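**Student:** coords_18.txt is the file, holding compact mmCIF, C-alpha atoms:
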# COMPACT_ATOMS: atom_id res chain seq x y z
CA MET Z 1153 -42.32 -11.59 113.66
CA ALA Z 1154 -40.97 -14.36 111.51
CA LYS Z 1155 -43.94 -14.08 109.24
CA SER Z 1156 -43.58 -10.31 108.91
CA SER Z 1157 -39.89 -10.73 108.01
CA GLU Z 1158 -40.79 -13.11 105.22
CA ASN Z 1159 -43.27 -10.59 103.80
CA TRP Z 1160 -40.65 -7.86 103.72
CA MET Z 1161 -38.18 -10.13 101.91
CA ALA Z 1162 -40.81 -10.98 99.29
CA LEU Z 1163 -41.51 -7.32 98.69
CA GLY Z 1164 -37.79 -6.60 98.31
CA ALA Z 1165 -37.42 -9.35 95.71
CA VAL Z 1166 -40.31 -7.94 93.68
CA ALA Z 1167 -38.76 -4.45 93.82
CA VAL Z 1168 -35.43 -5.74 92.59
CA ALA Z 1169 -37.14 -7.56 89.69
CA LEU Z 1170 -39.00 -4.42 88.70
CA MET Z 1171 -35.76 -2.41 88.71
CA LEU Z 1172 -34.05 -4.98 86.48
CA LEU Z 1173 -36.92 -4.99 84.01
CA SER Z 1174 -36.91 -1.19 83.94
CA GLY Z 1175 -33.16 -1.14 83.22
CA CYS Z 1176 -33.52 -3.62 80.32
CA SER Z 1177 -36.33 -1.58 78.81
CA ARG Z 1178 -34.27 1.60 78.96
CA SER Z 1179 -31.30 -0.22 77.37
CA ASN Z 1180 -33.45 -1.53 74.51
CA ALA Z 1181 -34.96 1.90 74.04
CA ASP Z 1182 -31.49 3.45 73.86
CA LYS Z 1183 -30.45 0.92 71.23
CA THR Z 1184 -33.59 1.57 69.22
CA ALA Z 1185 -33.00 5.28 69.35
CA GLN Z 1186 -29.49 4.98 67.76
CA PRO Z 1187 -29.58 5.98 64.00
CA ALA Z 1188 -28.59 3.33 61.33
CA PRO Z 1189 -25.13 3.67 59.76
CA ALA Z 1190 -25.14 5.80 56.57
CA GLU Z 1191 -24.73 4.09 53.18
CA ALA Z 1192 -21.12 4.11 51.87
CA VAL Z 1193 -20.67 6.40 48.86
CA ARG Z 1194 -17.72 6.11 46.45
CA ALA Z 1195 -16.40 9.14 44.60
CA VAL Z 1196 -15.97 8.56 40.88
CA SER Z 1197 -15.09 10.62 37.84
CA MET Z 1198 -17.77 10.97 35.22
CA ALA Z 1199 -17.81 10.84 31.43
CA ARG Z 1200 -20.63 10.68 28.90
CA VAL Z 1201 -21.51 8.82 25.74
CA GLU Z 1202 -20.69 11.40 23.07
CA LEU Z 1203 -21.41 11.83 19.39
CA ARG Z 1204 -17.96 12.30 17.89
CA PRO Z 1205 -16.58 12.43 14.33
CA MET Z 1206 -14.29 9.42 14.23
CA GLY Z 1207 -11.70 9.20 11.47
CA MET Z 1208 -11.29 5.48 11.90
CA ALA Z 1209 -8.45 3.37 10.51
CA GLN Z 1210 -9.33 -0.23 9.79
CA GLN Z 1211 -6.35 -2.59 9.72
CA ALA Z 1212 -5.76 -5.74 7.71
CA SER Z 1213 -2.76 -7.74 6.55
CA GLY Z 1214 -1.92 -9.71 3.45
CA LEU Z 1215 0.67 -10.58 0.84
CA LEU Z 1216 2.10 -8.64 -2.05
CA VAL Z 1217 1.11 -10.16 -5.40
CA ALA Z 1218 1.56 -9.29 -9.05
CA ARG Z 1219 -1.47 -7.46 -10.34
CA GLU Z 1220 -1.37 -9.64 -13.44
CA GLU Z 1221 1.03 -12.56 -13.56
CA ILE Z 1222 1.94 -13.91 -16.99
CA ALA Z 1223 3.23 -17.48 -17.44
CA VAL Z 1224 5.56 -18.07 -20.38
CA GLY Z 1225 6.25 -21.65 -21.48
CA PRO Z 1226 7.21 -23.59 -24.64
CA GLU Z 1227 4.65 -24.56 -27.24
CA LEU Z 1228 6.88 -27.28 -28.71
CA SER Z 1229 8.17 -30.41 -27.05
CA GLY Z 1230 11.31 -32.42 -27.46
CA TYR Z 1231 13.70 -29.52 -28.03
CA ARG Z 1232 16.49 -28.63 -25.65
CA VAL Z 1233 17.02 -25.12 -24.27
CA ALA Z 1234 20.02 -23.68 -26.10
CA ALA Z 1235 20.22 -20.19 -24.54
CA LEU Z 1236 18.69 -18.16 -21.71
CA LEU Z 1237 18.31 -14.48 -22.54
CA ALA Z 1238 16.63 -13.13 -19.37
CA ASP Z 1239 16.89 -13.71 -15.64
CA GLU Z 1240 14.83 -13.00 -12.52
CA GLY Z 1241 14.43 -9.31 -11.81
CA ASP Z 1242 15.03 -8.22 -15.40
CA SER Z 1243 12.70 -5.66 -16.94
CA VAL Z 1244 11.65 -6.78 -20.40
CA ARG Z 1245 9.65 -5.20 -23.19
CA ALA Z 1246 6.89 -6.85 -25.16
CA GLY Z 1247 8.34 -9.28 -27.72
CA GLN Z 1248 11.79 -9.40 -26.14
CA PRO Z 1249 13.44 -12.90 -26.37
CA LEU Z 1250 13.60 -14.75 -23.05
CA ALA Z 1251 15.03 -18.12 -24.14
CA ARG Z 1252 15.93 -19.95 -27.36
CA LEU Z 1253 15.51 -23.65 -28.08
CA ASP Z 1254 17.97 -25.71 -30.13
CA ASP Z 1255 16.50 -25.64 -33.65
CA GLY Z 1256 19.20 -27.69 -35.48
CA LEU Z 1257 16.86 -30.56 -36.32
CA LEU Z 1258 14.06 -28.21 -37.23
CA GLN Z 1259 16.25 -26.29 -39.67
CA ALA Z 1260 17.11 -29.58 -41.41
CA ARG Z 1261 13.42 -30.37 -41.74
CA ILE Z 1262 12.84 -26.88 -43.14
CA ARG Z 1263 15.49 -27.36 -45.82
CA GLN Z 1264 13.96 -30.73 -46.74
CA ALA Z 1265 10.52 -29.12 -46.96
CA GLU Z 1266 11.89 -26.37 -49.20
CA ALA Z 1267 13.32 -28.96 -51.55
CA SER Z 1268 10.03 -30.88 -51.58
CA LEU Z 1269 8.18 -27.70 -52.40
CA ALA Z 1270 10.52 -26.90 -55.30
CA GLN Z 1271 10.05 -30.41 -56.67
CA ALA Z 1272 6.28 -30.23 -56.33
CA ARG Z 1273 6.13 -26.90 -58.09
CA ALA Z 1274 8.27 -28.21 -60.98
CA GLN Z 1275 5.97 -31.19 -61.40
CA ALA Z 1276 2.99 -28.91 -61.24
CA ARG Z 1277 4.40 -26.71 -64.02
CA GLN Z 1278 5.05 -29.74 -66.22
CA ALA Z 1279 1.57 -31.14 -65.64
CA GLN Z 1280 0.04 -27.72 -66.31
CA ALA Z 1281 1.93 -27.48 -69.61
CA GLU Z 1282 0.72 -30.92 -70.72
CA SER Z 1283 -2.81 -29.99 -69.77
CA ALA Z 1284 -2.53 -26.79 -71.80
CA ARG Z 1285 -1.60 -28.75 -74.95
CA VAL Z 1286 -4.93 -30.50 -75.08
CA ASP Z 1287 -6.93 -27.31 -74.81
CA GLY Z 1288 -9.23 -27.10 -77.86
CA LEU Z 1289 -8.84 -30.78 -78.79
CA ASP Z 1290 -12.10 -31.89 -77.27
CA GLY Z 1291 -14.24 -33.79 -79.79
CA GLN Z 1292 -11.70 -33.59 -82.67
CA GLY Z 1293 -10.48 -37.19 -82.40
CA VAL Z 1294 -6.80 -36.35 -82.00
CA LEU Z 1295 -6.83 -37.74 -78.45
CA SER Z 1296 -9.48 -39.66 -76.67
CA GLU Z 1297 -11.61 -37.90 -74.12
CA GLU Z 1298 -10.09 -40.12 -71.43
CA GLN Z 1299 -6.52 -39.01 -72.25
CA ILE Z 1300 -7.51 -35.36 -72.26
CA GLN Z 1301 -9.17 -35.75 -68.88
CA GLN Z 1302 -6.16 -37.56 -67.44
CA ARG Z 1303 -3.83 -34.67 -68.32
CA ARG Z 1304 -6.12 -32.13 -66.78
CA THR Z 1305 -6.50 -34.24 -63.60
CA ALA Z 1306 -2.73 -34.68 -63.36
CA ALA Z 1307 -2.25 -30.90 -63.57
CA ALA Z 1308 -4.78 -30.27 -60.78
CA SER Z 1309 -3.20 -32.98 -58.63
CA ALA Z 1310 0.28 -31.54 -59.14
CA ASN Z 1311 -0.91 -28.07 -58.16
CA ALA Z 1312 -2.51 -29.51 -54.98
CA SER Z 1313 0.71 -31.34 -54.10
CA ALA Z 1314 2.63 -28.09 -54.46
CA ASP Z 1315 0.15 -26.37 -52.13
CA VAL Z 1316 0.59 -29.15 -49.55
CA ALA Z 1317 4.37 -28.80 -49.72
CA ALA Z 1318 4.06 -25.03 -49.30
CA ALA Z 1319 1.78 -25.41 -46.26
CA ASN Z 1320 4.18 -27.92 -44.71
CA LEU Z 1321 7.06 -25.50 -45.16
CA ALA Z 1322 5.03 -22.63 -43.66
CA GLY Z 1323 4.23 -24.78 -40.61
CA LEU Z 1324 7.88 -25.61 -40.06
CA LYS Z 1325 8.84 -21.95 -40.36
CA GLU Z 1326 6.17 -21.07 -37.79
CA GLU Z 1327 7.69 -23.65 -35.46
CA ALA Z 1328 11.06 -22.06 -36.07
CA GLU Z 1329 9.63 -18.73 -34.91
CA ARG Z 1330 8.35 -20.38 -31.73
CA MET Z 1331 11.75 -21.81 -30.95
CA THR Z 1332 12.40 -18.43 -29.38
CA LEU Z 1333 10.33 -17.72 -26.25
CA ARG Z 1334 9.33 -14.06 -26.16
CA ALA Z 1335 7.71 -11.87 -23.52
CA PRO Z 1336 4.04 -11.41 -24.47
CA VAL Z 1337 3.85 -8.14 -22.50
CA ALA Z 1338 6.22 -5.64 -20.97
CA GLY Z 1339 7.00 -6.34 -17.34
CA VAL Z 1340 9.43 -7.73 -14.79
CA VAL Z 1341 10.64 -11.33 -14.65
CA LEU Z 1342 9.49 -12.75 -11.32
CA GLN Z 1343 10.65 -16.32 -11.79
CA ARG Z 1344 12.89 -18.31 -14.11
CA ASN Z 1345 12.22 -22.03 -13.79
CA VAL Z 1346 14.44 -23.34 -16.57
CA ARG Z 1347 18.10 -24.16 -17.07
CA ARG Z 1348 20.19 -24.47 -20.18
CA GLY Z 1349 19.93 -28.01 -21.49
CA ASP Z 1350 16.43 -28.71 -20.15
CA VAL Z 1351 14.03 -30.37 -22.59
CA ALA Z 1352 10.97 -28.31 -23.43
CA SER Z 1353 7.60 -29.73 -22.44
CA PRO Z 1354 4.37 -27.77 -23.02
CA GLY Z 1355 2.57 -29.54 -20.17
CA GLY Z 1356 5.26 -28.84 -17.59
CA GLU Z 1357 5.99 -25.88 -15.38
CA ALA Z 1358 6.15 -22.45 -16.97
CA MET Z 1359 9.70 -21.42 -17.80
CA PHE Z 1360 9.19 -17.76 -16.87
CA ARG Z 1361 6.67 -15.78 -14.82
CA LEU Z 1362 6.27 -12.06 -15.45
CA ALA Z 1363 4.56 -9.23 -13.58
CA ARG Z 1364 2.81 -7.21 -16.23
CA ASP Z 1365 4.21 -3.67 -16.36
CA GLY Z 1366 5.96 -4.40 -13.06
CA MET Z 1367 2.75 -3.71 -11.13
CA VAL Z 1368 2.59 -5.26 -7.66
CA GLU Z 1369 -0.36 -4.80 -5.30
CA LEU Z 1370 -1.49 -5.92 -1.88
CA ALA Z 1371 -3.99 -8.75 -1.48
CA ALA Z 1372 -5.33 -7.92 1.99
CA GLU Z 1373 -7.67 -10.27 3.84
CA VAL Z 1374 -10.55 -8.60 5.69
CA PRO Z 1375 -13.16 -10.25 7.99
CA GLU Z 1376 -16.52 -10.59 6.30
CA ASP Z 1377 -18.26 -8.32 8.83
CA GLN Z 1378 -15.89 -5.46 7.95
CA VAL Z 1379 -15.90 -5.66 4.15
CA ASP Z 1380 -18.92 -3.36 3.80
CA ARG Z 1381 -16.97 -0.53 5.45
CA ILE Z 1382 -14.50 -0.51 2.56
CA HIS Z 1383 -15.28 1.09 -0.81
CA LEU Z 1384 -13.55 1.24 -4.18
CA GLY Z 1385 -11.11 4.12 -4.32
CA ASP Z 1386 -10.66 4.39 -0.53
CA ALA Z 1387 -7.25 5.65 0.50
CA VAL Z 1388 -4.99 3.04 2.11
CA GLU Z 1389 -1.67 3.30 3.92
CA VAL Z 1390 0.41 0.18 3.29
CA THR Z 1391 3.34 -0.60 5.58
CA LEU Z 1392 5.94 -3.01 4.20
CA ALA Z 1393 7.97 -5.40 6.33
CA SER Z 1394 10.90 -2.99 5.97
CA GLY Z 1395 8.86 -0.22 7.60
CA VAL Z 1396 8.38 1.75 4.38
CA VAL Z 1397 4.92 3.31 4.18
CA LEU Z 1398 3.24 3.60 0.77
CA HIS Z 1399 -0.03 5.20 -0.26
CA GLY Z 1400 -2.44 3.16 -2.32
CA LYS Z 1401 -6.10 2.84 -3.22
CA VAL Z 1402 -8.66 0.06 -3.09
CA ARG Z 1403 -8.82 -1.38 -6.62
CA LEU Z 1404 -10.96 -4.47 -6.18
CA LEU Z 1405 -13.38 -5.88 -3.60
CA SER Z 1406 -13.85 -9.61 -3.81
CA ARG Z 1407 -17.45 -10.83 -4.07
CA ARG Z 1408 -16.46 -14.11 -2.43
CA VAL Z 1409 -15.75 -14.96 1.22
CA ASP Z 1410 -13.53 -17.94 1.97
CA GLU Z 1411 -15.80 -20.59 3.48
CA LYS Z 1412 -13.10 -21.77 5.90
CA THR Z 1413 -11.42 -18.57 7.07
CA LYS Z 1414 -14.45 -16.25 6.59
CA LEU Z 1415 -12.12 -13.66 5.08
CA ALA Z 1416 -12.66 -11.64 1.91
CA GLN Z 1417 -9.85 -10.38 -0.28
CA VAL Z 1418 -9.32 -6.70 -1.01
CA ARG Z 1419 -6.82 -5.67 -3.70
CA VAL Z 1420 -4.92 -2.43 -3.06
CA SER Z 1421 -3.06 -0.84 -5.97
CA LEU Z 1422 0.43 0.46 -5.23
CA PRO Z 1423 3.00 2.54 -7.12
CA VAL Z 1424 5.54 0.67 -9.24
CA ARG Z 1425 8.68 0.27 -7.12
CA ALA Z 1426 11.69 -2.02 -7.19
CA ASP Z 1427 11.32 -2.89 -3.48
CA LEU Z 1428 7.85 -4.37 -3.94
CA ARG Z 1429 8.40 -8.11 -4.11
CA PRO Z 1430 5.51 -10.52 -4.63
CA GLY Z 1431 5.15 -12.90 -1.71
CA GLY Z 1432 6.21 -10.32 0.86
CA PHE Z 1433 4.07 -9.38 3.88
CA ALA Z 1434 2.44 -5.98 4.31
CA ARG Z 1435 -0.11 -4.29 6.56
CA ALA Z 1436 -2.91 -2.06 5.32
CA ASP Z 1437 -4.64 0.79 7.17
CA PHE Z 1438 -7.91 1.62 5.43
CA LEU Z 1439 -8.64 5.30 6.10
CA HIS Z 1440 -12.35 6.10 6.37
CA SER Z 1441 -13.81 9.57 6.35
CA ALA Z 1442 -14.76 11.00 9.74
CA GLU Z 1443 -18.41 10.31 10.58
CA PRO Z 1444 -20.27 11.29 13.79
CA VAL Z 1445 -20.80 8.11 15.81
CA ALA Z 1446 -21.58 7.28 19.43
CA ALA Z 1447 -18.29 6.84 21.28
CA VAL Z 1448 -17.02 6.44 24.83
CA PRO Z 1449 -13.57 6.93 26.42
CA GLU Z 1450 -11.46 3.80 26.50
CA LYS Z 1451 -11.05 4.18 30.29
CA ALA Z 1452 -14.81 3.86 30.77
CA ILE Z 1453 -14.83 0.28 29.48
CA HIS Z 1454 -14.18 -2.65 31.77
CA PHE Z 1455 -14.30 -6.32 30.88
CA GLU Z 1456 -16.20 -9.01 32.72
CA ALA Z 1457 -16.64 -12.70 31.99
CA GLY Z 1458 -19.55 -11.89 29.69
CA GLY Z 1459 -17.66 -9.26 27.71
CA PRO Z 1460 -17.18 -5.47 27.77
CA GLN Z 1461 -19.39 -3.40 30.05
CA LEU Z 1462 -20.07 0.23 30.96
CA ALA Z 1463 -20.88 1.43 34.48
CA THR Z 1464 -23.68 3.91 33.79
CA ILE Z 1465 -25.02 6.37 36.41
CA ASP Z 1466 -28.79 6.75 36.67
CA GLY Z 1467 -30.78 9.74 37.95
CA ASP Z 1468 -30.36 8.64 41.58
CA ASP Z 1469 -26.57 8.52 41.23
CA ARG Z 1470 -26.59 4.74 41.34
CA ILE Z 1471 -24.52 2.40 39.21
CA ARG Z 1472 -26.25 0.40 36.47
CA LYS Z 1473 -23.90 -1.89 34.55
CA LEU Z 1474 -24.73 -2.55 30.89
CA PRO Z 1475 -23.10 -4.93 28.38
CA VAL Z 1476 -21.99 -3.20 25.17
CA THR Z 1477 -20.66 -4.02 21.72
CA LEU Z 1478 -17.57 -2.08 20.67
CA GLY Z 1479 -16.27 -0.92 17.32
CA ALA Z 1480 -13.08 0.75 16.12
CA ARG Z 1481 -10.74 2.73 18.36
CA SER Z 1482 -9.20 6.10 17.66
CA GLN Z 1483 -7.36 8.66 19.81
CA GLY Z 1484 -8.51 7.28 23.15
CA TRP Z 1485 -12.14 6.78 22.13
CA VAL Z 1486 -14.05 3.63 21.17
CA VAL Z 1487 -17.02 3.45 18.84
CA LEU Z 1488 -20.14 2.16 20.60
CA ARG Z 1489 -21.92 -0.13 18.16
CA ASP Z 1490 -24.53 -1.27 20.68
CA GLY Z 1491 -25.02 0.39 24.07
CA PRO Z 1492 -26.64 3.28 25.96
CA PRO Z 1493 -27.75 6.43 24.08
CA VAL Z 1494 -25.73 9.57 23.60
CA GLY Z 1495 -25.58 11.68 26.76
CA THR Z 1496 -25.65 8.76 29.21
CA ARG Z 1497 -23.44 9.38 32.26
CA LEU Z 1498 -20.62 6.90 32.82
CA ALA Z 1499 -18.46 6.13 35.84
CA LEU Z 1500 -14.91 6.70 34.69
CA GLY Z 1501 -12.42 6.69 37.56
CA GLY Z 1502 -13.08 3.68 39.82
CA GLY Z 1503 -15.98 2.48 37.68
CA ALA Z 1504 -14.55 -1.02 37.55
CA PHE Z 1505 -14.63 -1.31 41.36
CA VAL Z 1506 -18.27 -0.51 42.02
CA LEU Z 1507 -21.18 -2.94 42.02
CA ASP Z 1508 -24.51 -2.70 40.32
CA GLY Z 1509 -26.79 -0.56 42.49
CA ASP Z 1510 -23.99 1.22 44.42
CA ARG Z 1511 -24.48 4.92 45.10
CA VAL Z 1512 -21.66 7.16 43.88
CA GLN Z 1513 -20.59 10.76 44.27
CA ILE Z 1514 -19.81 12.56 41.01
CA LYS Z 1515 -16.51 14.38 40.69
CA GLN Z 1516 -15.80 16.98 38.06
CA PRO Z 1517 -16.44 15.58 34.56
CA ALA Z 1518 -13.24 13.98 33.32
CA THR Z 1519 -11.65 14.55 29.94
CA VAL Z 1520 -9.92 11.94 27.88
CA GLU Z 1521 -6.58 13.46 28.81
CA ALA Z 1522 -7.41 13.04 32.51
CA ALA Z 1523 -8.78 9.51 32.06
CA ALA Z 1524 -5.54 7.86 33.06
CA SER Z 1525 -5.27 9.79 36.34
CA ALA Z 1526 -8.95 9.14 37.05
CA SER Z 1527 -8.39 5.43 36.59
CA VAL Z 1528 -5.46 5.51 39.03
CA SER Z 1529 -7.60 7.35 41.58
CA GLY Z 1530 -10.21 4.63 41.25
CA VAL Z 1531 -7.62 1.95 41.97
CA LYS Z 1532 -6.48 3.80 45.10
CA ALA Z 1533 -10.08 4.21 46.19
CA ALA Z 1534 -10.63 0.44 45.94
CA SER Z 1535 -7.68 -0.15 48.29
CA GLY Z 1536 -8.89 2.52 50.79
CA VAL Z 1537 -5.97 4.86 50.14
CA ALA Z 1538 -7.93 7.76 48.65
CA ASP Z 1539 -11.27 8.83 47.13
CA SER Z 1540 -13.28 7.00 49.82
CA ALA Z 1541 -16.00 8.68 51.85
CA PRO Z 1542 -16.10 7.67 55.54
CA ALA Z 1543 -19.34 6.13 56.70
CA ALA Z 1544 -21.44 8.28 59.01
CA SER Z 1545 -21.45 7.02 62.58
CA GLY Z 1546 -24.42 6.87 64.85
CA GLY Z 1547 -24.66 8.01 68.43
CA GLN Z 1548 -22.25 6.46 70.82
Please go through the file and, once you have read it, give me the structure as structure tokens.
**Tutor:**
Amino acid sequence: MAKSSENWMALGAVAVALMLLSGCSRSNADKTAQPAPAEAVRAVSMARVELRPMGMAQQASGLLVAREEIAVGPELSGYRVAALLADEGDSVRAGQPLARLDDGLLQARIRQAEASLAQARAQARQAQAESARVDGLDGQGVLSEEQIQQRRTAAASANASADVAAANLAGLKEEAERMTLRAPVAGVVLQRNVRRGDVASPGGEAMFRLARDGMVELAAEVPEDQVDRIHLGDAVEVTLASGVVLHGKVRLLSRRVDEKTKLAQVRVSLPVRADLRPGGFARADFLHSAEPVAAVPEKAIHFEAGGPQLATIDGDDRIRKLPVTLGARSQGWVVLRDGPPVGTRLALGGGAFVLDGDRVQIKQPATVEAAASASVSGVKAASGVADSAPAASGGQ
């Protein structure tokens, strides 16, 4: 009996083990039969790379300068300034006196030269008369040939002395004319760097600086990679520091780029106005004609450590992030200088919060006017407030 009891206990243990194994197998089978969780899908607004006519405005800044600046200084040295006849800001005509030097000593030298000339001419007349008396006496023995030649030489020498005296007097009179500093051209006096009583020095600083015809223009500095977009005659809007906006045109494009700053100078002609002061600051907006270019909405661009990027959407509705190079901006759009082709789909709202390879659900195509609201929706979606699709759940 004891042995039979042990056999029954062994059989019971085996049965229990089989039941446990069967339960585990069913549990594993149930787990295997449960479907995998569905992939999370984010809803985003969509835009496209478009070919748009962009009337772009290129900006630059610079200083107002005289179109042609004239320096006026003395040509004589050692004379004191006796009178100042023009001041800064005065409009002057060509030839108008600006300053006068003290010519008292020069006038005395002129009178002395006049007297010397009169004396030389009198001596020349006397010598000429004595030379005339020996005309026809050659070879007659009345006077020696040497005496005749001496009279003729004396007459020629006297005439030459009179010419020297006349030239000396003419030079002094020319100096007298230059004792008055005159404006070489019509214009506006920009600077007066002289005071009454100063001693004139030709090698020193110019006494006056003039802007020819009062013309002042803008010397704008443009980066070297943008100079080729500007052409002679292009329209330019120039904004002064006072806020006044003037209309000008590109007059000159520099052929030289500064080796340190890598900027090229562009001269913009402006109308003649009293409020244009050389040395003042101004901003230029170069207006280019509208040309069809590849462009994207500003809201489609997001910036990473490597630079600007676009979140493009491929044919499987998955995100593919691409680095891009941007150009000018206008009316909510940005020129795409290097990037995906025209027609490429872009994630607009929430595009900055998706990862490369994520699957997305396309909303209605967004317009530029709706870009701001689409961007806000994307921010809410990232925080789980809205625009998020719940993950599908498997069997419980």
**Student:** Would you mind telling me which residue in Z:Pro1354, Z:Pro1492, Z:Gly1395, Z:Gly1339 lies nearest to Z:Val1424 when using all atoms listed in the file?
**Tutor:**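 Among the listed residues, the smallest separation from Z:Val1424 belongs to Z:Gly1339.
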**Student:** Considering only C-alpha atoms, return as JSON, numbers by chain whatever protein or nucleic-acid residues lie within 6 Å of stretch 1466-1478 of chain Z, sequence-local ones (same chain, fewer than 4 positions apart) excluded.
**Tutor:** {"Z": [1460, 1461, 1462, 1487, 1488, 1489, 1490, 1491, 1508, 1509, 1510, 1511, 1512]}
**Student:** Could you jot down the atom CA of Z:Asp1242 to atom CA of Z:Arg1364 separation for me, Å, one decimal place?
**Tutor:** 12.3 Å
**Student:** Kindly give the distance, in Å, that separates atom CA of Z:Val1193 and atom CA of Z:Trp1485, rounded to a single decimal.
**Tutor:**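 Between atom CA of Z:Val1193 and atom CA of Z:Trp1485 the gap is 28.1 Å.
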**Student:** Could you work out how far atom CA of Z:Leu1257 lies from atom CA of Z:Glu1227, giving the answer in Å with one decimal?
**Tutor:**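 Interatomic distance here is 16.4 Å.
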**Student:** Using all atoms listed in the file, which residue out of Z:Gly1495, Z:Pro1205, Z:Gly1355, Z:Gly1400 lies closest to Z:Gly1225?
**Tutor:** Z:Gly1355
**Student:** Find the residues near Z:Ala1335: any atom within 7 Å, counting all atoms listed in the file, skip ones fewer than 5 places away on the same chain, and give them as JSON, numbers by chain.
**Tutor:** {"Z": [1245, 1246, 1247, 1248, 1249, 1250]}
**Student:** Hey, which bits of stretch 1280-1376 of chain Z sit within 10 Å of stretch 1430-1441 of chain Z, and for each residue what's the closest pair of atoms and how far apart in Å (one decimal), counting only C-alpha atoms, rows by chain and increasing number, as CSV?
**Tutor:**
residue,atom,partner,partner_atom,distance
Z:Leu1342,CA,Z:Pro1430,CA,8.1
Z:Ala1363,CA,Z:Pro1430,CA,9.1
Z:Met1367,CA,Z:Pro1430,CA,9.8
Z:Val1368,CA,Z:Pro1430,CA,6.7
Z:Glu1369,CA,Z:Pro1430,CA,8.2
Z:Leu1370,CA,Z:Ala1434,CA,7.3
Z:Ala1371,CA,Z:Ala1434,CA,9.1
Z:Ala1372,CA,Z:Ala1436,CA,7.2
Z:Glu1373,CA,Z:Ala1436,CA,9.6
**Student:** With only C-alpha atoms as the atoms that count, which of Z:Asp1287, Z:Glu1329, Z:Glu1221, Z:Glu1450 lies nearest to Z:Ser1482?
**Tutor:** Z:Glu1450
**Student:** Find, counting all atoms listed in the file, the residue in Z:His1399, Z:Glu1411, Z:Gln1302, Z:Asp1255 that gets nearest to Z:Leu1228.
**Tutor:** Z:Asp1255
**Student:** Restricting the calculation to all atoms listed in the file, which member of Z:Gln1378, Z:Ser1313, Z:Ser1283, Z:Ser1268 is positioned closest to Z:Gln1299?
**Tutor:** Z:Ser1283
**Student:** Set the distance at 12 Å and use all atoms listed in the file: which residues neighbour Z:Val1418 once local chain neighbours fewer than 3 positions away are removed? I'd like the list as a ChimeraX atom specification.
**Tutor:** /Z:1211-1217,1369-1376,1378-1386,1388,1401-1409,1415,1421,1436,1438
**Student:** Skipping near chain neighbours, those fewer than 5 positions away, what residues fall within 7 Å of Z:Leu1498 using only C-alpha atoms, listed as a PyMOL selection string?
**Tutor:** chain Z and resi 1198-1200+1452+1462-1465
**Student:** Can you write out the residues you just picked, keeping C-alpha atoms, as a short mmCIF file (atom, residue, chain, number, x, y, z; two decimals), keeping the file's coordinate frame?
**Tutor:**
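Below is the file that was written, part30.cif:
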data_model
loop_
_atom_site.label_atom_id
_atom_site.label_comp_id
_atom_site.auth_asym_id
_atom_site.auth_seq_id
_atom_site.Cartn_x
_atom_site.Cartn_y
_atom_site.Cartn_z
CA MET Z 1198 -17.77 10.97 35.22
CA ALA Z 1199 -17.81 10.84 31.43
CA ARG Z 1200 -20.63 10.68 28.90
CA ALA Z 1452 -14.81 3.86 30.77
CA LEU Z 1462 -20.07 0.23 30.96
CA ALA Z 1463 -20.88 1.43 34.48
CA THR Z 1464 -23.68 3.91 33.79
CA ILE Z 1465 -25.02 6.37 36.41
#
